[in-house]
Amino acid sequence: MKKVILVLLMTIMIATPCLAQEVEPEGFFSIEGTEWEALPMGVQILPFPSLEPLDNSEFGFYDGEVYPWIYNYSFYIDMLVCSIFWAIDIPTIGGGSITRSFGILQPTGVGLVFENGLNNRRLPTLKIGLLIKTSDNWTPPEVE
């Protein structure tokens, strides 16, 4: 019971100044303006289990979008405990395959990314990788 009360008091201490000033606690619970990179080796689950690198290993979060610009549709949502993102790359008429990336991130600097696409034999793939935060103060090169 004492731990529950302690956690409740800590939450109130963090939220009260933010609510009083009508500002969001960007530094505590947001991935806005951060850059993340996948560790060099991921795990492929489908079609056959193996160690495989992810196709897209770097992610940046800025102004509600997931970067780099290769994604046609993307978004992220900040929540108190974790943040989630979703990005999809739909190829142009020239070819390629659709790649979907979904991730769960802790603002403290660790996260998971799930990548879904097609391999060379046109079989569906599912890869999982570990993400780590590489920069806290990041803006896309196109915005600077």
# chains A, B, ... in the order shown; residues from 1 in each chain; ligands from 1
>>> residues_around(residues="Thr134 in chain A", least_positions_apart="3", cutoff="7 Å", atoms="only C-alpha atoms", output="list in words")
Glu35, Trp36 and Glu37 of chain A
>>> closest_atom_pairs(of="range 80-115 of chain A", to="range 31-34 of chain A", cutoff="12 Å", atoms="only C-alpha atoms", output="JSON lines")
{"residue": "A:Leu80", "atom": "CA", "partner": "A:Ile31", "partner_atom": "CA", "distance": 11.0}
{"residue": "A:Val81", "atom": "CA", "partner": "A:Ile31", "partner_atom": "CA", "distance": 11.6}
{"residue": "A:Cys82", "atom": "CA", "partner": "A:Ile31", "partner_atom": "CA", "distance": 9.2}
{"residue": "A:Ser83", "atom": "CA", "partner": "A:Ile31", "partner_atom": "CA", "distance": 7.1}
{"residue": "A:Ile84", "atom": "CA", "partner": "A:Ile31", "partner_atom": "CA", "distance": 9.4}
{"residue": "A:Phe85", "atom": "CA", "partner": "A:Ile31", "partner_atom": "CA", "distance": 10.0}
{"residue": "A:Ile104", "atom": "CA", "partner": "A:Ile31", "partner_atom": "CA", "distance": 10.9}
{"residue": "A:Leu105", "atom": "CA", "partner": "A:Ile31", "partner_atom": "CA", "distance": 8.2}
{"residue": "A:Gln106", "atom": "CA", "partner": "A:Ile31", "partner_atom": "CA", "distance": 8.4}
{"residue": "A:Pro107", "atom": "CA", "partner": "A:Ile31", "partner_atom": "CA", "distance": 6.0}
{"residue": "A:Thr108", "atom": "CA", "partner": "A:Ile31", "partner_atom": "CA", "distance": 9.3}
{"residue": "A:Gly109", "atom": "CA", "partner": "A:Ile31", "partner_atom": "CA", "distance": 9.2}
{"residue": "A:Val110", "atom": "CA", "partner": "A:Ile31", "partner_atom": "CA", "distance": 11.2}
{"residue": "A:Gly111", "atom": "CA", "partner": "A:Ile31", "partner_atom": "CA", "distance": 11.2}
>>> write_last_selection(atoms="N, CA and C atoms", output="PDB file, in the first residue's frame")
ATOM      1  N   LEU A  80       1.959   8.194 -21.367  1.00  0.00           N
ATOM      2  CA  LEU A  80       2.745   8.324 -20.150  1.00  0.00           C
ATOM      3  C   LEU A  80       3.803   7.239 -20.002  1.00  0.00           C
ATOM      4  N   VAL A  81       3.444   6.001 -20.253  1.00  0.00           N
ATOM      5  CA  VAL A  81       4.360   4.891 -20.002  1.00  0.00           C
ATOM      6  C   VAL A  81       5.245   4.604 -21.205  1.00  0.00           C
ATOM      7  N   CYS A  82       4.700   4.716 -22.403  1.00  0.00           N
ATOM      8  CA  CYS A  82       5.467   4.418 -23.610  1.00  0.00           C
ATOM      9  C   CYS A  82       4.921   5.242 -24.767  1.00  0.00           C
ATOM     10  N   SER A  83       5.612   5.222 -25.866  1.00  0.00           N
ATOM     11  CA  SER A  83       5.166   5.860 -27.104  1.00  0.00           C
ATOM     12  C   SER A  83       5.118   4.793 -28.176  1.00  0.00           C
ATOM     13  N   ILE A  84       4.197   4.952 -29.117  1.00  0.00           N
ATOM     14  CA  ILE A  84       4.103   4.000 -30.222  1.00  0.00           C
ATOM     15  C   ILE A  84       4.222   4.754 -31.538  1.00  0.00           C
ATOM     16  N   PHE A  85       4.741   4.074 -32.554  1.00  0.00           N
ATOM     17  CA  PHE A  85       4.789   4.677 -33.879  1.00  0.00           C
ATOM     18  C   PHE A  85       4.434   3.641 -34.925  1.00  0.00           C
ATOM     19  N   ILE A 104       7.331   0.277 -30.315  1.00  0.00           N
ATOM     20  CA  ILE A 104       6.964   0.670 -28.964  1.00  0.00           C
ATOM     21  C   ILE A 104       8.240   1.189 -28.309  1.00  0.00           C
ATOM     22  N   LEU A 105       8.207   2.436 -27.836  1.00  0.00           N
ATOM     23  CA  LEU A 105       9.405   3.078 -27.301  1.00  0.00           C
ATOM     24  C   LEU A 105       9.178   3.571 -25.883  1.00  0.00           C
ATOM     25  N   GLN A 106      10.177   3.439 -25.049  1.00  0.00           N
ATOM     26  CA  GLN A 106      10.186   4.038 -23.718  1.00  0.00           C
ATOM     27  C   GLN A 106      10.943   5.360 -23.836  1.00  0.00           C
ATOM     28  N   PRO A 107      10.402   6.445 -23.325  1.00  0.00           N
ATOM     29  CA  PRO A 107      11.119   7.720 -23.405  1.00  0.00           C
ATOM     30  C   PRO A 107      12.498   7.687 -22.749  1.00  0.00           C
ATOM     31  N   THR A 108      12.768   6.682 -21.923  1.00  0.00           N
ATOM     32  CA  THR A 108      14.069   6.576 -21.271  1.00  0.00           C
ATOM     33  C   THR A 108      15.175   6.170 -22.234  1.00  0.00           C
ATOM     34  N   GLY A 109      14.821   5.597 -23.418  1.00  0.00           N
ATOM     35  CA  GLY A 109      15.853   5.319 -24.407  1.00  0.00           C
ATOM     36  C   GLY A 109      15.916   3.921 -24.971  1.00  0.00           C
ATOM     37  N   VAL A 110      14.938   3.063 -24.712  1.00  0.00           N
ATOM     38  CA  VAL A 110      14.934   1.702 -25.230  1.00  0.00           C
ATOM     39  C   VAL A 110      13.580   1.426 -25.869  1.00  0.00           C
ATOM     40  N   GLY A 111      13.586   0.645 -26.963  1.00  0.00           N
ATOM     41  CA  GLY A 111      12.331   0.311 -27.611  1.00  0.00           C
ATOM     42  C   GLY A 111      12.458  -0.905 -28.505  1.00  0.00           C
TER      43      GLY A 111
END
